[in-house]
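For reference, the structure discussed in these notes is given below.
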Amino acid sequence: MPIQTPFHPRTSEHNKNLSWKDWGGYFAANSYDVVNDFEYYAFRHSAGLVDITPLFKYKVTGKDASLFLSRLIVKDISKLKLNQATYCCWCDDRGMVIDDGTVMRFGEHEYFVTAADPSYSWFSRFVKKLDVQIEDITDSICALALQGPTSREILKLMCDADLDNLKFFWTTRAKGDGFEFKISRTGYTGDLGYELWIKNEDALKLFDAVWNAGKNFNIRMSGIAALDIARIEAGLVMNGVDYHSSLHALIPEQMSTPYELGLGWTVNLDREPFMGQRALRAEKKNGSRWATVGLDINWPDLEELYNKHGLPPRTAAGAWRQSIPVYHPQHTTKQIGYATSGTWSPILKKNIALATIEIAYAEPGTEVNFEVMVMHHRKTVRAIVGKPQFYNPERKRSILKNKR
Amino acid sequence: MSKKYDAIIIGGGHNGLINAAYLAKAGKSVLVLEKRHVLGGAAVSEEIYPGFTFSVASYVVSLFRPHIIRELNLAEHGYSIIPMDASFQPLPDGDIGLCRWGDASRSRREIARFSKKDSEVYGEFSKIMTHMAKLAKQVIDHPAPDVASINPKELAALLRMGKVFKNLGPELLQMNTKLLTMSSADFLDLWFESEVLKGPMSVSGIIGTFLGVRSPGTAYVLLHHYMGELDGAFRSWGFSKGGTGGVSMACANAARSFGAEIRTNVDVSCVKIKNGKATGVVLANGDEIESKIVVSNLDPNRTYLKMIGENNLSPEVTSEIKRFKLRGSSGKVNFALSGVPNFCRKREGLEFMKGDIAIVPNVDYVEKAYDQAKYGEFSERPYINIVVPSLTDPTLAPPGKHVMSCFVQYAPFNIKEGAENWPKLADKFGDAVQNTIKEYVPDIDSLVEHRQVVTPWDLQERFGLTEGNIFQGELTLEQLLFQRPISGYAKYKTPIDNLWMSGSGTHPGGGIMGSGGELSAKSILNEKAI
Amino acid sequence: MSKYDVIVIGGGHNGLTTATILAKSGKKVLVVEKRKILGGIAAGEEFHPGYFTTGLLHDTSGVRADVIKSLQLEKHGLKLENKRSDVVLLSKDGRSVTIKADADATAGELRKISEQDAEAYKAYQEFSRKISKVINDLMDNPPPNVDVENLTMASLVVLAKKGMLLKGLGNKTMMELLKVAPMCVADFLNEKFKTDFVKAGIASPALYGSYAGPWSAYSTINLLLWECASRSCVKGGPQALISALQKAATQAGVEIRTGAEVEKIVLDEAGAARGVRLKGGEEISAMKVAASCTPKETFLNLFDTFELEYELDYWIEKIRSRGTTAKVNLAVNKKVELNGQAVEFARTGNSLDEMEKAFDPVKYKEVTNSPFLDIHIPTVSNPALAPEGHSVVSVLVHQIPYDFKGGWTVETKKKLGEDVLKTLEIYSSGLSQAVAGMEVLSPADLEDRYTLTHGHIYHGEHFVDQLITRPVPSCAHYTTPVSGLYLCGSGSHPGGGITCAPGSMAAAAILKSS
């Protein structure tokens, strides 16, 4: 049975829906109410608060910590400045992605790493003679994500941090009323937002401070169902959904490289050796087989199909995560890929999906065919290939000062 | 003149009954003869003390092949398995022990108490084992190809088996060699560091064998845990409703529904052989029953040396069958208890006890138990696999009371004092088990209402398992595949025409799998022997 | 341009074999040896003033005659006999029996003890002779390519040939081989033999270098491998082989540097091995590097973290090399007799159960009080190894764990020496009083002195999964995933012992690739 996060006394109060999911062995609210789109809208219009404690969290310290992480991760972590954070992924020798997460630098020799999967054993096996200590702090540090346009104003009310100057993917220490915590301007919604890290003992103090400060800013508890919609709009891939860790994959076909996942930008190829470098160099040179793209699924086509049955068009409520075939532009029997997750985007009013397709069809603007089920029959509708990122508001990265 | 059957099956154990069911389903006239008053052989439930029903010998169902359940419609005939969720390992000194659950995250947290690394490596290990289990499935679901033969059919079978290896790559191929040859403890050492975790994992490699967890050749049995998942049958471990005999009853009902005739209390003294051909059986009372073929579900030793008899065998075959090692190594102690035996009062509820409970605090513990057995003694502190099936199936005991089944290893058949002296040692053996349990359940003595001790000698005398071997023969590589029971006669045939075999002593071996009975019947039908 | 074509790491018998073969083919070769002397575990050493051993290992019966011939070692003073040395099996009760190279002669000896054992021995040797064609074909050639994904016609032919050879045995012998190979040596011998100490003595070689007792499954295949490979003996023991090899190497133009410890294998930008860096910082470049040290030493100590592909690292770490051998060298101020006779080679064991009981503590990282011994008294044939009238008694002590819980300290080693002496007293009463000097080498000492990972004398246990694809599949053909790096030591096929076979087959692989 999953266990409760330190925020559970509060989250369970809010969870009218009693809808819990198992996330990494913790109870995580799937949605707080039966009608859950307001939880999503909070991310886009005010602020949504998510308990993200179940993320796997590691503290990596020691003289060789920079070198160690730079070798393990496809990004050159040693370049990370103090208090800077970065999104990245790590691979095996074959350049196949094991997991993705964020790395934050909290000191000359101190890093904080988050991961989707348990990673202690994978990281530890490379320590060997290096001066590196890895501490699994998953169960001692808890976290809240506060995401949405009003998140900055809320935080400013409850802590002393200079949030106006805190840039996208930077971190800062902060003090609230009787507790200390860390803030990173990071998140999984593609919007302005922050993640707050604190030791378990002070969990409720932090929660209450944020909640009270947020009352005038329409703060809402958001579950992972709402988070899923937001992250698909933002084009953020998810381990176990849009790709499979090469450590768990049984056959090579289930694995993906960073380039194939659209994470090529996280790879720093030309530097000291790192895990997967040789394979990734070769892929860079020879080209990838697959690409991860965003699909803009033609709405009129879908309306038309439903029309034939005299029905209004329908989409799944919320985000979906099953594999759906994507077909060749002309030949609707020739499969060229598959969508891995998708959603009706409430803000874009579009039916969108993240898909893995053969590289030949990955050019933005290519029209492919997407399978839909209409009245128990398999049909196809047209879909336009584009970048995975559908929604990218300026406020996500902007700094207040610059605006002034 | 009595009726002449197509097939007579000697022994109403689950394999014999399955064999009968398949043959009957194909329209053959089949007669099953069981010596005891109950069916099921080692898979039997008996009310030993009023109100308490014991799975006297075999106690959990694990590897029963799902296609047999489908093909024989066993569910309709009463086959019902209560799945087991937890696997608990109590530890001495008041520790809360280690419980592995179906819930992966929960297990990860339990294991992380002993080793963070191990808790995560578990997944990696499972991945490799899944690859290996794919191979094993090929092996256990088909008759073993004969490597000595140049018959194209045999070569094709070998090739088919070879194909599975094709996508493995050299490293996984070598892993396969490791798995087939290494000791279970050494194999686990390649991944895990925690003795507490390795203890219960490694013992699955030695159950029923006269080998230790550090004995080479025990690792491959670890696969059994991963086989179930390949069949789409997660939670393949479980209790049969009403005791293990329930499985046998379902098989018997299926056989009867297809028209098979089953008689109990019929002691077969030998197979009737005329001109090198089996023509029926001779009963202990002198009666004879005729049939086109005879299928022996007895162990190889009994089949060859008793049912056929040395005078009908060539000296080579006789010497080969005498080389066949049985060497029983385990016993059972069944308890009738006045209350719940709580193995860990520090844990909430009783969920952790509804699966199996393994007394094996670490690897050395069970290896030391083996060391003692090697020199002809039963282990003073044995490995005990305990189930309290009445926690999940209350029909087995009076209200509030419980049955506790303890599988105990090592109890070598060939004890220093001589096997025939086992009855004299039974109480001492029972005490050793009870005292071991007392270290975890301090009030056990006051809970015991009755205690049934089943020594390896009893297994031989009562269930006809030569030397008390629960698998009808050691599961060492030289006695598996095309060499089970002996090379040349590994495809359920014997040197006597029309005499077939179907028990655990044939490929693929022991456990309540049903494969022996099924594959044997299918071979008989394929060859149009009847 | 590099000064050398090949640098060979380690100047033991395999390293020297590789180097000499390469030099003879015109390659410029440098051997770097960590110790001051050449020879590794084959080196004879002065362990007490005036007393010398002829090598850590005693047995030279596996040395490959064809390698000796091709290196013309006999020109350099080597005397090779095409039969193995006599070994005396000792019993606690004073009896002993000599196992001779000739099966009939041995049967004659055994007949004095038991008619059944005499016949059993003849049958056993006959069986070994029959299967030796198959086994030696496997062990004297590079391992067959079993890469099923890339089956080439050539490898298919090789495989077919192996299969045919297997068939050539005749069905009966083949089935018997398949039957007995996985068995434990105790079952195998109990089926035929009667006398306890004879069974124990015959079983001994099955357990050398393997983490096993006589009741361990698959020990029979080790015994059969040993029987089939034991065909020769080098007069003067391992050290004589080294002396001849050194001369041959020098004559062929091999450069040898002793006292040169390799700290790291140097890689070029593309990740290929291009030389070595010595302790002290000196770098020597070469086109290729051949490592005769253990695979674990090569990959885990001579590379930096992250330099190796993870996959390789992963499999190398999984090699099992749990040392179970110690050495006790005794300087004795008299001629030594065992059970009343002067013998050069002897084994103790007494019974399979006693040998098993010696193995039991190993599993718990403990040390037995009654180890079984492999005794060599080289002064019997070469009195010059000790002062006039004195003896050297060189003892390989089996079932002594590397990872001893008590730790290998001066005290624990002293205890081990005393236990060995106590055991020897049984066969040679009064020996203790005549001991003038004693050297005890624990498995940890063997690791220190000879760079044997975990003190394993064969660079990795001899066990089914670690044979043929030895040490790991990706390095099984002496090449490695690191371009330019080759393995040429006992960690490679066909394994450990003084055979020179890995060294010679590695040299062939290196030549083939250039």
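We label chains A, B, ... in the order they appear in the structure tokens, count residues from 1 in each chain, and number ligands from 1 in the order shown.
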
Please identify all polymer residues within 9 Å of B:Asn15, counting only C-alpha atoms, omitting same-chain residues fewer than 2 positions from it, and present them as a PyMOL selection string. chain B and resi 11-13+17-20+40+248+251+297+502-504+512-518

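Secondary structure of stretch 62-221 of chain B, strand (DSSP E) only (DSSP, backbone atoms): B:Ile81, B:Ile82, B:Pro83, B:Ser87, B:Phe88, B:Gln89, B:Leu98, B:Cys99, B:Arg100.
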
So which residues touch A:Ile336 within 6 Å, counting only C-alpha atoms, skipping near sequence neighbours fewer than 3 positions away, as a ChimeraX atom specification? /A:326-328,357-358

Please produce an output containing all heavy atoms for each residue in the selection, written as a compact mmCIF listing (two decimals), in the first residue's frame.
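Below you can see selection.txt, which holds the result:
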# COMPACT_ATOMS: atom_id res chain seq x y z
N VAL A 326 -0.30 6.06 -35.57
CA VAL A 326 -0.25 7.20 -36.50
C VAL A 326 0.11 6.63 -37.86
O VAL A 326 1.03 5.81 -37.98
CB VAL A 326 0.81 8.23 -36.04
CG1 VAL A 326 0.93 9.35 -37.05
CG2 VAL A 326 0.46 8.77 -34.67
N TYR A 327 -0.64 7.06 -38.89
CA TYR A 327 -0.46 6.46 -40.22
C TYR A 327 0.14 7.44 -41.21
O TYR A 327 0.14 8.65 -41.02
CB TYR A 327 -1.81 5.94 -40.73
CG TYR A 327 -2.37 4.81 -39.90
CD1 TYR A 327 -3.36 5.04 -38.96
CD2 TYR A 327 -1.87 3.52 -40.07
CE1 TYR A 327 -3.87 4.02 -38.19
CE2 TYR A 327 -2.38 2.48 -39.30
CZ TYR A 327 -3.37 2.72 -38.36
OH TYR A 327 -3.85 1.70 -37.60
N HIS A 328 0.61 6.85 -42.27
CA HIS A 328 1.22 7.54 -43.40
C HIS A 328 0.26 8.61 -43.95
O HIS A 328 -0.96 8.43 -43.92
CB HIS A 328 1.51 6.48 -44.48
CG HIS A 328 2.33 7.00 -45.60
ND1 HIS A 328 1.76 7.55 -46.72
CD2 HIS A 328 3.66 7.02 -45.82
CE1 HIS A 328 2.71 7.91 -47.56
NE2 HIS A 328 3.88 7.59 -47.04
N ILE A 357 7.31 9.32 -34.17
CA ILE A 357 7.10 8.91 -35.58
C ILE A 357 8.42 8.80 -36.32
O ILE A 357 9.45 9.33 -35.88
CB ILE A 357 6.14 9.85 -36.34
CG1 ILE A 357 6.71 11.25 -36.42
CG2 ILE A 357 4.75 9.88 -35.72
CD1 ILE A 357 5.88 12.15 -37.34
N GLU A 358 8.40 8.08 -37.41
CA GLU A 358 9.61 7.90 -38.21
C GLU A 358 10.11 9.27 -38.65
O GLU A 358 9.32 10.15 -38.99
CB GLU A 358 9.33 7.01 -39.43
CG GLU A 358 9.07 5.57 -39.04
CD GLU A 358 8.64 4.71 -40.23
OE1 GLU A 358 8.97 5.06 -41.37
OE2 GLU A 358 7.94 3.71 -39.99

What's the 12 Å shell around C:Leu431, counting only C-alpha atoms, without same-chain residues fewer than 2 positions away, as a PyMOL selection string? chain C and resi 330-339+390-393+418+420-429+433-437

Generate a file of the selected residues that holds C-alpha atoms, formatted as a JSON list (two decimals), in the first residue's frame.
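Done, and the output landed in result_2.json:
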[["chain", "number", "residue", "atom", "x", "y", "z"],
["C", 330, "LEU", "CA", 58.94, -25.16, 4.59],
["C", 331, "ALA", "CA", 62.72, -25.20, 4.87],
["C", 332, "VAL", "CA", 63.51, -28.53, 6.47],
["C", 333, "ASN", "CA", 66.93, -29.55, 7.71],
["C", 334, "LYS", "CA", 66.59, -33.19, 6.75],
["C", 335, "LYS", "CA", 65.33, -35.41, 4.01],
["C", 336, "VAL", "CA", 61.58, -35.64, 4.24],
["C", 337, "GLU", "CA", 59.59, -38.81, 3.81],
["C", 338, "LEU", "CA", 55.83, -39.03, 3.61],
["C", 339, "ASN", "CA", 54.21, -42.23, 4.86],
["C", 390, "HIS", "CA", 67.97, -30.59, 3.49],
["C", 391, "SER", "CA", 64.55, -30.37, 1.92],
["C", 392, "VAL", "CA", 62.13, -27.88, 0.60],
["C", 393, "VAL", "CA", 58.51, -28.80, 1.29],
["C", 418, "GLU", "CA", 50.79, -24.56, 12.45],
["C", 420, "VAL", "CA", 49.52, -27.29, 8.00],
["C", 421, "LEU", "CA", 52.47, -28.57, 9.99],
["C", 422, "LYS", "CA", 50.12, -30.53, 12.23],
["C", 423, "THR", "CA", 48.56, -32.12, 9.17],
["C", 424, "LEU", "CA", 51.98, -32.91, 7.71],
["C", 425, "GLU", "CA", 53.03, -34.50, 11.00],
["C", 426, "ILE", "CA", 50.46, -37.21, 10.37],
["C", 427, "TYR", "CA", 52.37, -38.32, 7.31],
["C", 428, "SER", "CA", 55.86, -37.38, 8.42],
["C", 429, "SER", "CA", 56.22, -37.63, 12.14],
["C", 433, "GLN", "CA", 61.26, -30.28, 14.82],
["C", 434, "ALA", "CA", 63.22, -30.20, 11.58],
["C", 435, "VAL", "CA", 61.65, -27.06, 10.21],
["C", 436, "ALA", "CA", 64.30, -24.38, 9.89],
["C", 437, "GLY", "CA", 62.16, -21.79, 8.22]]

Closest pair table for chain C residues within 9 Å of chain A, only C-alpha atoms, as JSON lines:
{"residue": "C:Asp304", "atom": "CA", "partner": "A:Lys129", "partner_atom": "CA", "distance": 8.9}
{"residue": "C:Thr305", "atom": "CA", "partner": "A:Lys128", "partner_atom": "CA", "distance": 7.0}
{"residue": "C:Phe306", "atom": "CA", "partner": "A:Arg71", "partner_atom": "CA", "distance": 7.0}
{"residue": "C:Glu307", "atom": "CA", "partner": "A:Pro273", "partner_atom": "CA", "distance": 7.5}
{"residue": "C:Glu309", "atom": "CA", "partner": "A:Asp93", "partner_atom": "CA", "distance": 6.1}
{"residue": "C:Tyr310", "atom": "CA", "partner": "A:Asp93", "partner_atom": "CA", "distance": 6.1}
{"residue": "C:Glu311", "atom": "CA", "partner": "A:Asp93", "partner_atom": "CA", "distance": 7.1}

For B:Glu439, work out the shell of residues within 10 Å, counting only C-alpha atoms and skipping chain neighbours fewer than 2 positions away, then give it as a list in words. Pro90, Leu91, Pro92, Asp93, Gly94, Phe343, Gln434, Asn435, Thr436, Ile437, Val441, Pro442, Asp443 and Ile444 of chain B

So that I can see what lies close to B:Gly286, please list as a list in words the residues with an atom at most 12 Å from it, counting only C-alpha atoms and leaving out residues fewer than 6 positions away in the same chain.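 The neighbour list is Val266, Asp267, Val268, Ser269, Cys270, Val271 and Lys272 of chain B.
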
Can you build me a table of chain B residues sitting at most 9 Å from chain A, with the closest atom pair per residue and its distance in Å to one decimal, using only C-alpha atoms, sorted by chain and residue number, as a Markdown table?
| residue | atom | partner | partner_atom | distance |
| --- | --- | --- | --- | --- |
| B:Asp103 | CA | A:Met1 | CA | 6.6 |
| B:Ala104 | CA | A:Gly25 | CA | 8.0 |
| B:Ser105 | CA | A:Gly25 | CA | 4.7 |
| B:Arg106 | CA | A:Met1 | CA | 6.1 |
| B:Arg108 | CA | A:Gly25 | CA | 8.7 |
| B:Arg109 | CA | A:Gly25 | CA | 8.5 |
| B:Lys116 | CA | A:Ser121 | CA | 7.5 |
| B:Lys117 | CA | A:Ser121 | CA | 4.8 |
| B:Asp118 | CA | A:Ser121 | CA | 7.7 |
| B:Ser119 | CA | A:Ser121 | CA | 8.5 |
| B:Glu120 | CA | A:Ser121 | CA | 6.1 |
| B:Val121 | CA | A:Ser121 | CA | 6.6 |
| B:Gly123 | CA | A:His248 | CA | 7.3 |
| B:Glu124 | CA | A:Leu247 | CA | 6.7 |
| B:Lys127 | CA | A:His248 | CA | 6.7 |
| B:Ile128 | CA | A:Leu250 | CA | 8.4 |
| B:Thr130 | CA | A:Leu250 | CA | 8.4 |
| B:His131 | CA | A:Leu250 | CA | 7.7 |

Excluding same-chain residues fewer than 4 positions from B:Leu223, what lies within 9 Å of it counting only C-alpha atoms, as a PDB file with N, CA, C and O atoms, in the first residue's frame?
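Writing done, so here's part_25.pdb:
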ATOM      1  N   MET B 129      15.658 -11.955 -15.516  1.00  0.00           N
ATOM      2  CA  MET B 129      14.979 -13.221 -15.265  1.00  0.00           C
ATOM      3  C   MET B 129      13.807 -13.417 -16.233  1.00  0.00           C
ATOM      4  O   MET B 129      13.494 -14.541 -16.612  1.00  0.00           O
ATOM      5  N   THR B 130      13.172 -12.323 -16.630  1.00  0.00           N
ATOM      6  CA  THR B 130      12.084 -12.453 -17.587  1.00  0.00           C
ATOM      7  C   THR B 130      12.611 -12.987 -18.915  1.00  0.00           C
ATOM      8  O   THR B 130      12.001 -13.849 -19.550  1.00  0.00           O
ATOM      9  N   MET B 132      15.164 -14.873 -19.252  1.00  0.00           N
ATOM     10  CA  MET B 132      15.517 -16.272 -19.030  1.00  0.00           C
ATOM     11  C   MET B 132      14.264 -17.143 -18.972  1.00  0.00           C
ATOM     12  O   MET B 132      14.259 -18.269 -19.453  1.00  0.00           O
ATOM     13  N   ALA B 133      13.208 -16.576 -18.396  1.00  0.00           N
ATOM     14  CA  ALA B 133      11.987 -17.352 -18.242  1.00  0.00           C
ATOM     15  C   ALA B 133      11.370 -17.684 -19.606  1.00  0.00           C
ATOM     16  O   ALA B 133      10.746 -18.724 -19.784  1.00  0.00           O
ATOM     17  N   ALA B 136      12.909 -20.822 -20.485  1.00  0.00           N
ATOM     18  CA  ALA B 136      12.458 -21.928 -19.647  1.00  0.00           C
ATOM     19  C   ALA B 136      11.073 -22.398 -20.067  1.00  0.00           C
ATOM     20  O   ALA B 136      10.772 -23.586 -20.066  1.00  0.00           O
ATOM     21  N   LEU B 179      22.853 -19.094 -15.041  1.00  0.00           N
ATOM     22  CA  LEU B 179      21.622 -19.452 -14.348  1.00  0.00           C
ATOM     23  C   LEU B 179      21.451 -20.967 -14.265  1.00  0.00           C
ATOM     24  O   LEU B 179      21.004 -21.507 -13.265  1.00  0.00           O
ATOM     25  N   GLY B 205      15.667 -22.059  -4.684  1.00  0.00           N
ATOM     26  CA  GLY B 205      16.490 -22.921  -5.523  1.00  0.00           C
ATOM     27  C   GLY B 205      16.726 -24.309  -4.960  1.00  0.00           C
ATOM     28  O   GLY B 205      17.212 -25.196  -5.669  1.00  0.00           O
ATOM     29  N   ALA B 219      20.546 -22.453  -9.166  1.00  0.00           N
ATOM     30  CA  ALA B 219      20.054 -21.106  -9.503  1.00  0.00           C
ATOM     31  C   ALA B 219      18.834 -21.136 -10.410  1.00  0.00           C
ATOM     32  O   ALA B 219      17.958 -20.295 -10.298  1.00  0.00           O
ATOM     33  N   MET B 227       8.110 -17.305 -14.062  1.00  0.00           N
ATOM     34  CA  MET B 227       7.377 -18.031 -15.095  1.00  0.00           C
ATOM     35  C   MET B 227       5.922 -17.575 -15.152  1.00  0.00           C
ATOM     36  O   MET B 227       5.354 -17.384 -16.210  1.00  0.00           O
TER      37      MET B 227
END

Each residue of chain B lying at most 8 Å from chain C should get a row with its shortest atom-to-atom pair and the distance in Å to one decimal, counting only C-alpha atoms; could you produce that, ordered by chain and increasing number, as CSV?
residue,atom,partner,partner_atom,distance
B:Ala148,CA,C:Asn171,CA,6.5
B:Phe165,CA,C:Val148,CA,7.7
B:Lys166,CA,C:Val148,CA,5.8
B:Asn167,CA,C:Glu149,CA,6.9
B:Gly169,CA,C:Glu149,CA,6.5
B:Pro170,CA,C:Asp147,CA,5.7
B:Glu171,CA,C:Pro473,CA,6.1
B:Gln174,CA,C:Asp465,CA,6.6
B:Thr177,CA,C:Asp465,CA,5.6
B:Lys178,CA,C:Asp465,CA,5.3
B:Thr181,CA,C:Val464,CA,6.9
B:Met182,CA,C:Asp465,CA,7.9
B:Leu190,CA,C:Lys318,CA,5.9
B:Arg214,CA,C:Lys363,CA,7.9
B:Ser215,CA,C:Ser216,CA,5.5
B:Pro216,CA,C:Ala217,CA,5.2
B:Gly217,CA,C:Ala217,CA,6.4
B:Asp364,CA,C:Tyr364,CA,6.8
B:Asp371,CA,C:Asp360,CA,7.1
B:Tyr375,CA,C:Asp353,CA,7.8
B:Thr476,CA,C:Met183,CA,8.0
B:Leu477,CA,C:Pro182,CA,6.3
B:Glu478,CA,C:Lys179,CA,5.0
B:Gln479,CA,C:Lys179,CA,7.9
B:Gln483,CA,C:Lys179,CA,7.5
B:Ser487,CA,C:Met175,CA,7.3

Would you please extract all alpha helix (DSSP H) residues from stretch 26-216 of chain A, as assigned by DSSP on the backbone, and give them as a VMD selection string? chain A and resid 37 to 45 65 to 72 120 to 124 151 to 158 203 to 214

Atom CA of C:Ile375 to atom CA of C:Glu33, distance in Å rounded to a single decimal: 28.3 Å

In Å, how far is it from atom CA of A:Ser78 to atom CA of C:Ala272?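 Spanning atom CA of A:Ser78 to atom CA of C:Ala272 is a straight-line distance of 25.9 Å.
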